[in-house]
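Trainee: Got a structure for you, questions after.
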Amino acid sequence: MATIETIRRDHEQSSSAGLRWFARWLRRQLPTGLYARALLIIIIPMVLLQAVIAAVFMERHWQMVTQRLSMATTRDVAAIIDIIQTYPQDADYTEVTRIANEKLGLSISIEPGGDLPPPRTKPFFSILDSILSDEMREQIDLPFWVDTVGDSKLVEIRVKLPDKVLRVFARRSQTYASNTQIFIFWMLGTSLVLIGIAVLFLRGQIRPIQALARAAESFGKGQRLENFLPRGADEVRRAGLAFILMRERIERQIEQRTAMLSGVSHDLRTVLTRFKLQLALVGDNPELAGMSEDVEDMQSMLEGYMAFARGEAEEDVGKVTLSDIFDRLEADFRLHGKDFSYSIEGENTVAVRPNAFTRLVTNLASNARRYAHTLKIDAKHGSKWLTLVFDDDGPGIPAASREDVFKPFFRLDAARNLDNSGTGLGLAIARDIARSHGGNVTLGDSPLGGLRATIRIPA
């Protein structure tokens, strides 16, 4: 009993695993864009509807019409046979041939003696062959042979009479529903027209969503938004208005924070300047050396915090040449007797906020110059992302502390600090600039033995 239960459970698990795999495969095959998915929502039901109509209605239409036409043709053939057998005095069958041609639309010939040809291979999908054969067997109790194969416009029927063979040639349209192509043409034509109309309406509905996405992406990169107005359906308009209100609240908060920090900075600088002046008036006093260092540290911390708080948020986007930044870094490293190299894959220019981006790259490179002897930068500019990888041979940062160092004022005394002033804002500033561009900064182990810092921002 336990074995049966185990087998059943294993079977259910394998079935569910197969379904999950198929669902994942289907999700990978489906398009990711809203426009393509909306088209599929319209096209797939339409295709299924047309398939059902073709499979059910059309098949019944073919069969019913073909059966009636074949029945009428078979009756005409049976009538000709009755005339031949009833009036044997017409030796050359001139009148029978005339009546069949003029009244029934059939072309006949009567051959004395002879046998029927061998049976032909029946086509697999021919409705006409099966229906016509059934009608011949039901209405004419004589040996017969039919030829319905091929693209010929005629259908040939041969009937074995006692001493002769009757050959009948009928137009295919007399025995078969030949207007099916017209119906299919209209069905496909109307479907294409409906799909075209749906595409036009969908494009009009998708454009406001795409505009909203571009506006949100631009705002996330710190770019200014121009001429963005909510349009489209009511839901899209509400989303656009909500985005505009959110943007305005964020901008007000940034302005209030900047104004508050500017006032605090001014007041603190005034106090620090007064301290420095009083210490300078005292003169050289060993007992006040520690206080002078504290004042300098406070000045450094204040400048670092103000730089972090500003974040270059008001700077406009412009073009920056990567090789120019790297060449300046190479000259700086060479001046300090350090090794520096770089490589660029893809386009050499990138659209960013120039001063902030330069500060981001320079900050990470200066830290490597301070703690390491060698720095290697690999830049890859793809169609969607710009990736900068900094590898050095310095002491690195422990894995457990790689997220903590991004917190403002966190100091890593045991290894290294990215801020030259020692305020613990270096990596926080770097990540803040990268995120203001819509990207991020991450840390890892370098193949050179030190720290690997990776900048990834939208291209």
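Starting from 1 in every chain, residues are counted up; chains themselves are A, B, ... following the order of the structure tokens, and ligands are numbered from 1 as listed.
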Give me, as JSON lines, the closest atom pair and its distance (Å, one decimal) for every residue of stretch 105-216 of chain A within a cut-off of 7 Å of stretch 57-66 of chain A, counting only C-alpha atoms, rows sorted by chain and rising number.

Mentor:
```
{"residue": "A:Ile127", "atom": "CA", "partner": "A:Gln63", "partner_atom": "CA", "distance": 6.9}
{"residue": "A:Leu128", "atom": "CA", "partner": "A:Thr66", "partner_atom": "CA", "distance": 6.6}
{"residue": "A:Thr175", "atom": "CA", "partner": "A:Thr66", "partner_atom": "CA", "distance": 6.1}
{"residue": "A:Tyr176", "atom": "CA", "partner": "A:Thr66", "partner_atom": "CA", "distance": 4.6}
{"residue": "A:Ala177", "atom": "CA", "partner": "A:Thr66", "partner_atom": "CA", "distance": 5.3}
```

Trainee: Just to be explicit: take each residue in the selection above, keep C-alpha atoms, and write the result as a PDB file, in the first residue's frame.

Mentor:
```pdb
ATOM      1  CA  ILE A 127     -15.216  14.345 -50.054  1.00  0.00           C
ATOM      2  CA  LEU A 128     -16.456  14.298 -53.657  1.00  0.00           C
ATOM      3  CA  THR A 175     -20.985  17.697 -58.384  1.00  0.00           C
ATOM      4  CA  TYR A 176     -18.842  19.648 -55.896  1.00  0.00           C
ATOM      5  CA  ALA A 177     -19.201  22.788 -53.742  1.00  0.00           C
TER       6      ALA A 177
END
```

Trainee: I'd like to know which residues of stretch 82-177 of chain A are strand (DSSP E or B) (by DSSP, run on the backbone); could you write them as a PyMOL selection string?

Mentor: chain A and resi 107-112+144-147+154-160+164-171

Trainee: I want to know what sits within 7 Å of stretch 95-104 of chain A, based on only C-alpha atoms, with residues of the same chain fewer than 3 positions away left out; could you give that as a list in words?

Mentor: Asp76, Ser107 and Ile108 of chain A

Trainee: Deliver the residues from the most recent selection as a file, using C-alpha atoms, as an mmCIF file, in the first residue's frame.

Mentor:
```
data_model
loop_
_atom_site.group_PDB
_atom_site.id
_atom_site.type_symbol
_atom_site.label_atom_id
_atom_site.label_comp_id
_atom_site.auth_asym_id
_atom_site.auth_seq_id
_atom_site.Cartn_x
_atom_site.Cartn_y
_atom_site.Cartn_z
ATOM 1 C CA ASP A 76 -29.303 12.558 -64.266
ATOM 2 C CA SER A 107 -21.390 15.152 -72.187
ATOM 3 C CA ILE A 108 -21.928 11.413 -72.819
#
```

Trainee: For atom CA of A:Gly263 and atom CA of A:Ser436, quote the distance in Å rounded to one decimal.

Mentor: 23.9 Å

Trainee: Which residues, written as a compact mmCIF listing (two decimals) with N, CA and C atoms, in the first residue's frame, have at least one atom at most 8 Å from A:Ala351, with only C-alpha atoms counted and residues fewer than 4 positions away on the same chain left out?

Mentor:
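Saved result, selection_37.txt, follows:
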```
# COMPACT_ATOMS: atom_id res chain seq x y z
N VAL A 317 22.06 66.75 -18.71
CA VAL A 317 22.70 65.62 -19.38
C VAL A 317 23.47 66.10 -20.59
N GLY A 318 24.64 65.54 -20.79
CA GLY A 318 25.49 65.87 -21.93
C GLY A 318 26.30 64.66 -22.36
N LYS A 319 27.08 64.83 -23.41
CA LYS A 319 27.92 63.77 -23.93
C LYS A 319 29.29 63.79 -23.24
N VAL A 320 29.76 62.60 -22.85
CA VAL A 320 31.07 62.45 -22.21
C VAL A 320 31.87 61.42 -22.99
N ALA A 459 22.65 53.00 -20.91
CA ALA A 459 23.42 53.70 -21.94
C ALA A 459 22.58 54.81 -22.56
```

Trainee: In stretch 262-377 of chain A, what's alpha helix (DSSP H) per DSSP? Answer as number ranges by chain?

Mentor: A: 262-282, 289-310, 322-335, 354-371

Trainee: What does the distance between atom CA of A:Ile53 and atom CA of A:Leu188 come to in Å, to one decimal place?

Mentor: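 So the two atoms, atom CA of A:Ile53 and atom CA of A:Leu188, lie 11.7 Å apart.
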
Trainee: Would you kindly return, as a ChimeraX atom specification, each protein, DNA or RNA residue with an atom no farther than 8 Å from any atom of stretch 208-216 of chain A, considering only C-alpha atoms and excluding same-chain residues fewer than 6 positions away?

Mentor: /A:225,228,230-232,236,240,243

Trainee: Could those residues be written to a file, using N, CA and C atoms, as a CSV table (one decimal), in the first residue's frame?

Mentor:
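Everything below was put into part-v3.csv:
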```
chain,number,residue,atom,x,y,z
A,225,LEU,N,12.1,66.7,-17.6
A,225,LEU,CA,11.0,66.3,-18.4
A,225,LEU,C,10.4,67.5,-19.1
A,228,PHE,N,5.5,66.6,-21.3
A,228,PHE,CA,4.9,65.3,-20.9
A,228,PHE,C,3.5,65.7,-20.4
A,230,PRO,N,-0.4,63.7,-19.7
A,230,PRO,CA,-1.1,62.4,-19.6
A,230,PRO,C,-2.1,62.3,-20.7
A,231,ARG,N,-2.1,61.2,-21.5
A,231,ARG,CA,-3.0,61.0,-22.5
A,231,ARG,C,-3.5,59.6,-22.5
A,232,GLY,N,-4.5,59.3,-23.4
A,232,GLY,CA,-4.9,57.9,-23.5
A,232,GLY,C,-6.2,57.6,-22.7
A,236,VAL,N,-4.7,55.2,-17.8
A,236,VAL,CA,-3.4,55.7,-18.2
A,236,VAL,C,-3.3,57.2,-17.8
A,240,GLY,N,-0.5,58.7,-15.3
A,240,GLY,CA,0.3,59.9,-15.6
A,240,GLY,C,0.2,61.0,-14.6
A,243,PHE,N,2.0,60.1,-11.5
A,243,PHE,CA,3.5,60.3,-11.7
A,243,PHE,C,3.9,61.8,-11.6
```

Trainee: Taking only C-alpha atoms into account, name the residue in A:Val56, A:Leu166, A:Val155, A:Leu322 that is nearest to A:Gln85.

Mentor: A:Leu166
